[in-house]
Structures are given as C-alpha cells and as structure tokens.
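Following: one structure in structure tokens, then a few remarks.
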Amino acid sequence: MSMRAASPNAIRRIDKDELVSAFLRLLPPAAVLHEAEDLRPYESDGLTAYRQVPLIVVLPDTLEQVRKILQLCHERQAPVVARGAGTGLSGGALPLANGVLLVMARFNRILDVDPLRRTATVQPGVRNLAISQAAAPFGLYYAPDPSSQIACTIGGNVAENSGGVHCLKYGLTVHNILEIKAFTIDGELLTIGGQALDAAGYDLLALFTGSEGMLAVTVEITVKLLPKPACVQVVLAAFDEVEKAGGAVAGIIAEGIIPAGLEMMDAPAIRAAEQFVHCGYPLDAQAILLCELDGTVEEVEEQIAQVQAVLDRCGATGIRIARDEEQRLQFWKGRKGAFPAMGRLAPDYYCMDGAIPRKRLPEVLRRISALSAEYGLPVANVFHAGDGNLHPLILFDANQPGELQRTEELGGRILELCVAVGGTITGEHGVGIEKIAQMCVQFQPAELEQFFAVKRVFDPLELLNPGKAVPTLHRCAEFGAMHVHHGHTPFPDLERF
C-alpha cells in the first residue's frame with residue numbers, strides 16, 4: 001500500500017463564508033469565531049514558536065453540536081483540529097489556515113465521582129487538578145500530575161498520554177483511565193474501554209490514549225482514583241556534580257525502591273526555581289534530587305533509611321527530609337514552577353521532551369552539556385529522573401537572528417541522542433509538529449505506513465489533525481537528505497540498542 005500524504009495541502013480549499021454560514025445554523029453566533037481579532041488568541045498552543053491563525057473557531061457545549069460539527073466538516077472535507085486549554089508543548093493543537101479549530105473548553109463538568117468504585121467521569125475540558133480537588137472529600141485523588149496541572153485539561157492529557165512527577169510509581173494517563181467516549185469524523189460515538197478493569201478485544205484504549213487527536217474527538221473520560229496514602233515524605237538531596245545525581249537515581253531503583261516521584265534539577269533550574277518560588281533549594285548545588293516516598297508510616301520510614309544510604313554512597317553533599325506537609329508541598333512547588341521560572345534566565349526557552357534508559361542518564365547529561373557548548377546555547381535540565389523522561393530547557397532569544405533555528409537544531413540533536421541510546425523522542429509531550437522530523441529517525445518507512453493505516457481505519461479522509469505526529473515518507477526523505485544517512489548515527493561512539 002502506498003502512503004498518501006497526511007497533509008492539509010492535500011485537502012481542497014474551503015469556502016470560508018459558506019462554512020461560517022453552515023456553522024451559524026448549528027451554533028449560537030458567539031460560538032462561531034471568524035473575524036481576525038477573534039481568531040488570533042488561538043494561533044498556537046504552548047509551543048509559541050509555531051503560529052497559525054485558524055480559518056474558523058467553533059466552541060460547542062453539547063454532544064449533539066460536536067456531532068453535527070464533525071459531520072459537516074466530513075461532508076465538506078474540511079480538516080479539524082481539536083483543542084483543549086492549549087497548554088501542549090509540541091504544537092499538537094496548532095491550527096490550520098484552511099481548517100476548523102474545534103475548541104472543547106466548554107465541556108468542563110465533572111459528571112460523577114464514585115468513591116466506592118474509585119472512579120470519576122469527566123468531560124474533556126475539566127482541568128487535571130480539578131479532578132483531585134473533587135475527589136479529596138472522599139480521601140481520593142487522581143495520580144497523573146503534569147507540571148501544568150492547574151491549567152491543562154484531561155482531554156489534552158488523554159491526547160498526549162501525559163504523566164507528571166508521580167508517573168514513576170502510578171503511571172501515565174493510559175494507566176489511570178478506564179473508558180473514553182469519542183466522536184469519529186463522521187459523527188459516530190465510540191465507547192473505548194469500559195467501566196470494568198478489563199475489556200474484551202483489542203486494547204483500543206491504549207491506542208486512543210496518546211493518539212494526538214488524529215483518530216477521534218474525545219468527549220468523556222472515566223478515570224481511576226486512588227486513596228491518599230497514610231504517609232508521604234520527601235527527601236531532598238544536593239550534589240556537587242550532575243553525574244553523581246544521575247548515578248543516585250540508578251542506585252535508588254537498583255535497591256528495589258519505587259518512589260512515588262523521583263525528580264532531578266540542575267544548577268540553572270535550581271537557581272531559577274528558588275528565585276521564583278523561594279522553596280528552600282540549596283543554591284550552591286550543581287544538582288538536586290527530590291525523592292517522594294509514600295505508603296504506611298513503617299514503609300516510608302524504612303525506605304527513607306534505604307534512600308539516605310544510597311544518597312550517601314553516591315556522594316550527596318546534603319540530605320534534607322521535609323519537616324512537615326507544608327515544606328513537602330513547597331519542595332514540589334519549586335519543581336512544578338521550574339518551567340515558568342525559566343523566564344528569569346532568558347527571553348525565551350524551548351522545552352524538550354525525550355526518554356532514555358535510566359542507566360544511560362549520566363552519559364546523556366554529559367552529551368547534552370557538550371551539545372550546549374557546541375551550539376553556544378545554555379540548557380537547563382528539569383526531568384522525571386525515575387523513568388528517564390528528560391525535559392532539557394534550551395534558553396535563547398528569538399529576537400536574535402538565527403537563534404531560534406539553532407535552538408531547534410540543538411533540540412533535534414538531543415532527541416536523536418535519546419534514540420541513539422535506546423530511548424524515544426517523547427515521554428509525555430507528544431510529537432505534534434515539533435518532533436515530526438525525528439519520527440523519521442526512530443521509525444522505519446514500513447512502521448510509519450502502519451501508523452497511517454491505523455489512522456485511516458477511523459479517519460479515511462485524514463481530516464482529523466492532519467500533518468501532525470506521523471510524517472509522510474516524502475517528508476522523511478527530505479529530512480534524510482539533510483541529516484540522516486543509512487547506517488550512520490550522529491553519535492557513532494555510543495552503544496546502540
């Protein structure tokens with residue numbers, strides 16, 4: 001089977017006035033945006049380096065409106081990009097100049113919290129943190145907690161399979177949902193998964209989670225809730241070398257300890273977070289680890305002793321245990337505030353996302369440092385060290401000619417490094433348009449063709465989020481001509497997997 005281009009260029013030109021008139025027959029006038037000043041706020045997601053004003057924005061608030069919008073777009077062959085809060089960092093919700101932006105922000109109700117079954121059923125526009133807040137009176141919470149959880153929506157979390165600081169022990173979004181309901185492009189309502197712990201047939205729930213809006217538009221999600229642990233404690237360890245902190249991560253896991261969270265920050269990130277949040281981080285450290293342990297009081301006490309022993313062996317220069325719940329939350333506030341804190345260090349920053357085997361962490365950090373020096377661009381590292389999910393933050397000034405281009409090139413080199421050591425180009429941010437070229441490095445043409453074959457099962461005309469996540473063979477050929485040569489890696493001295 002030959003691969004057809006999944007590109008908005010392959011879709012016929014849309015008559016805007018005609019489509020606006022059709023939408024106004026389905027929706028109130030305030031729910032159909034088509035004037036330039038109304039469209040501008042939707043021109044990008046959290047990856048603001050890429051901007052595109054959409055043709056039309058629609059804001060439905062009922063399921064029937066969503067169904068009719070999709071049926072109309074299917075009939076007119078108008079491409080559709082679904083959007084939640086727009087906090088994504090890969091350009092996954094970047095609009096199309098010749099397409100419709102379907103904004104699901106008004107679907108923001110928590111439909112049910114069942115403390116006996118430990119589930120919550122919510123609409124896609126519900127904020128991640130709001131689920132835990134609704135479950136708190138029952139002693140429950142929702143485990144995945146991205147740094148943007150105060151703003152990001154559960155629909156976007158499903159689209160990107162988001163994680164967070166507690167994903168090491170409790171998993172990503174895919175491990176914490178039971179069922180989603182979603183409309184296909186022709187308006188069919190699908191129920192994926194089920195209310196039971198397992199469902200018959202193929203695991204379509206895993207397929208849809210992380211599919212970046214390319215298969216269907218999610219309209220309802222049932223998530224799992226967990227009981228709050230009896231005891232939670234955080235250990236903060238300082239190191240005089242980043243590599244020692246990386247070694248401590250491997251040492252903790254090797255002891256058979258699975259922390260609730262195991263996060264690492266290097267010196268630039270430490271200083272920025274401390275100045276921004278005033279969380280008590282040691283400013284003389286080259287790296288810190290935050291290790292959260294939870295369970296019964298006895299379990300936590302035993303594991304803290306084990307972790308302290310590992311940290312001592314690995315050369316920690318200081319170890320602090322949060323004295324109370326307030327300080328524990330303050331330690332985490334610094335970590336979760338690290339991304340916005342970067343605005344104190346540079347006019348712009350580019351947040352990367354890749355995943356590597358934990359044992360390669362010290363080596364990869366050295367390589368990132370070398371690449372930073374090669375490109376003359378500072379890199380601050382903030383990441384989920386326990387599961388090898390890196391978030392290098394490249395600091396730059398977009399007002400300087402050519403600096404954004406160099407930043408993107410450096411980011412691509414970091415992603416290719418992740419692949420070279422046996423990792424992947426994304427851990428939780430998704431591919432979107434940001435990493436689409438590096439998909440050509442990670443996957444072979446036959447694999448990419450199968451990705452498109454799956455998409456066509458649900459979206460034969462390729463109208464849902466076209467041009468995202470999976471590159472065409474033509475695009476890979478162009479990228480290969482510039483960067484990739486078969487049988488060659490940009491890191492020839494690395495052991496490959």
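To be explicit about the labels: the chains of the structure tokens are called A, B, and onward in the order shown, and within each one the residues are counted from 1, while ligands get numbers from 1 in the order they are shown.
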Considering only C-alpha atoms, tabulate each residue of segment 193-309 of chain A that lies at most 8 Å from segment 438-461 of chain A along with its nearest interatomic pair and the corresponding distance in Å to one decimal; arrange the rows by chain and ascending residue number and present them as JSON lines.
```
{"residue": "A:Met214", "atom": "CA", "partner": "A:Lys455", "partner_atom": "CA", "distance": 6.8}
{"residue": "A:Leu215", "atom": "CA", "partner": "A:Phe458", "partner_atom": "CA", "distance": 5.6}
{"residue": "A:Ala216", "atom": "CA", "partner": "A:Phe458", "partner_atom": "CA", "distance": 7.3}
```
Would you pick out the contacts of Leu226 of chain A at 7 Å or less, using only C-alpha atoms, so that residues sharing its chain but fewer than 2 positions from it are not included, and give the list as a compact mmCIF listing (two decimals) with C-alpha atoms, in the first residue's frame?
```txt
# COMPACT_ATOMS: atom_id res chain seq x y z
CA ARG A 118 -12.93 4.84 42.95
CA LEU A 140 -9.10 10.00 46.92
CA TYR A 141 -7.05 11.68 44.19
CA TYR A 142 -6.11 11.37 40.51
CA LYS A 224 -9.34 5.82 38.16
CA LYS A 228 -4.47 9.09 49.57
```
Review point. What gap, in Å, lies between atom CA of Glu298 of chain A and atom CA of Pro259 of chain A?
Key: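 Calculated distance between atom CA of Glu298 of chain A and atom CA of Pro259 of chain A is 14.8 Å.
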Point to revise | Filtered DSSP result for segment 200-302 of chain A, state helix (DSSP H, G or I), as a PyMOL selection string | key: chain A and resi 204-208+242-254+267-277+297-302
**Study point:** Near-Gly163 of chain A list (7 Å; only C-alpha atoms; drop same-chain fewer than 6 positions) as a ChimeraX atom specification
**Key:** /A:144-146,171-173,428
**Study point:** All residues 7 Å or closer to segment 407-420 of chain A, only C-alpha atoms, same chain fewer than 3 positions away omitted, as a VMD selection string
**Key:** chain A and resid 352 354 to 356 368 375 394 403 to 404 423 to 425 438 442 496
For the residues selected in the previous step, produce a file with N, CA and C atoms as a short mmCIF file (atom, residue, chain, number, x, y, z; two decimals), in the first residue's frame.
```
data_model
loop_
_atom_site.label_atom_id
_atom_site.label_comp_id
_atom_site.auth_asym_id
_atom_site.auth_seq_id
_atom_site.Cartn_x
_atom_site.Cartn_y
_atom_site.Cartn_z
N MET A 352 12.21 20.71 25.72
CA MET A 352 12.29 19.44 25.01
C MET A 352 11.67 18.32 25.84
N GLY A 354 12.17 13.98 25.91
CA GLY A 354 12.60 12.70 25.39
C GLY A 354 12.75 11.72 26.54
N ALA A 355 12.86 10.46 26.24
CA ALA A 355 13.00 9.45 27.30
C ALA A 355 14.16 8.52 26.96
N ILE A 356 14.89 8.11 27.99
CA ILE A 356 16.07 7.26 27.81
C ILE A 356 16.09 6.17 28.89
N ILE A 368 24.49 16.18 26.52
CA ILE A 368 23.69 17.39 26.40
C ILE A 368 24.54 18.61 26.73
N TYR A 375 26.68 24.53 20.54
CA TYR A 375 25.75 25.48 19.93
C TYR A 375 25.77 26.85 20.61
N ILE A 394 16.12 24.64 26.58
CA ILE A 394 17.13 25.39 25.84
C ILE A 394 16.78 26.87 25.93
N GLU A 403 18.76 32.56 15.94
CA GLU A 403 18.89 31.84 17.20
C GLU A 403 17.79 30.79 17.39
N LEU A 404 16.58 31.08 16.94
CA LEU A 404 15.52 30.08 17.02
C LEU A 404 15.87 28.86 16.17
N GLY A 423 16.40 5.10 23.61
CA GLY A 423 15.22 5.77 24.14
C GLY A 423 14.24 6.15 23.05
N THR A 424 13.47 7.20 23.33
CA THR A 424 12.43 7.62 22.41
C THR A 424 12.37 9.15 22.38
N ILE A 425 11.75 9.69 21.34
CA ILE A 425 11.75 11.14 21.15
C ILE A 425 10.71 11.86 21.99
N GLN A 438 12.04 13.98 13.71
CA GLN A 438 12.74 12.93 14.44
C GLN A 438 11.98 11.61 14.45
N GLN A 442 13.42 7.58 14.40
CA GLN A 442 13.04 6.49 15.30
C GLN A 442 12.35 5.34 14.57
N ARG A 496 24.61 1.11 20.76
CA ARG A 496 23.24 1.23 20.27
C ARG A 496 22.40 0.03 20.72
#
```
**Study point:** Separation of atom CA of Leu129 of chain A from atom CA of Gly210 of chain A, in Å and rounded to one decimal
**Key:**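 Between atom CA of Leu129 of chain A and atom CA of Gly210 of chain A the gap works out to 19.5 Å.
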List the neighbours of Asp312 of chain A out to 12 Å using only C-alpha atoms; skip same-chain residues closer than 5 positions along the sequence, and give me the result as a tab-separated table (two decimals) with N, CA and C atoms, in the first residue's frame.
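Now in part.tsv:
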```tsv
chain	number	residue	atom	x	y	z
A	237	ALA	N	18.02	15.86	48.12
A	237	ALA	CA	19.46	15.62	48.18
A	237	ALA	C	20.18	16.55	47.21
A	238	ALA	N	21.27	17.14	47.68
A	238	ALA	CA	22.09	18.03	46.86
A	238	ALA	C	23.37	17.32	46.43
A	239	PHE	N	23.86	17.67	45.23
A	239	PHE	CA	25.08	17.06	44.69
A	239	PHE	C	25.96	18.14	44.09
A	244	LYS	N	26.72	12.61	39.46
A	244	LYS	CA	26.50	11.90	40.73
A	244	LYS	C	25.01	11.78	41.02
A	245	ALA	N	24.26	12.84	40.74
A	245	ALA	CA	22.82	12.78	40.94
A	245	ALA	C	22.19	11.74	40.02
A	247	GLY	N	23.70	9.08	38.91
A	247	GLY	CA	24.06	7.78	39.47
A	247	GLY	C	23.18	7.42	40.66
A	248	ALA	N	22.77	8.41	41.44
A	248	ALA	CA	21.91	8.14	42.59
A	248	ALA	C	20.53	7.66	42.15
A	251	GLY	N	20.89	4.12	41.50
A	251	GLY	CA	21.12	3.42	42.76
A	251	GLY	C	19.84	3.20	43.54
A	252	ILE	N	18.96	4.18	43.56
A	252	ILE	CA	17.69	4.04	44.29
A	252	ILE	C	16.82	2.96	43.66
A	305	ALA	N	15.34	5.43	55.14
A	305	ALA	CA	16.66	4.99	55.60
A	305	ALA	C	17.45	4.38	54.44
A	306	GLN	N	16.78	3.59	53.61
A	306	GLN	CA	17.45	2.98	52.45
A	306	GLN	C	17.90	4.05	51.45
A	307	VAL	N	17.03	5.01	51.18
A	307	VAL	CA	17.35	6.07	50.23
A	307	VAL	C	18.52	6.91	50.73
A	317	THR	N	26.02	15.84	48.86
A	317	THR	CA	26.66	16.82	49.75
A	317	THR	C	25.71	17.30	50.84
A	318	GLY	N	24.45	17.02	50.69
A	318	GLY	CA	23.47	17.40	51.71
A	318	GLY	C	22.19	16.64	51.51
A	319	ILE	N	21.55	16.23	52.61
A	319	ILE	CA	20.29	15.49	52.54
A	319	ILE	C	19.32	16.13	53.53
```
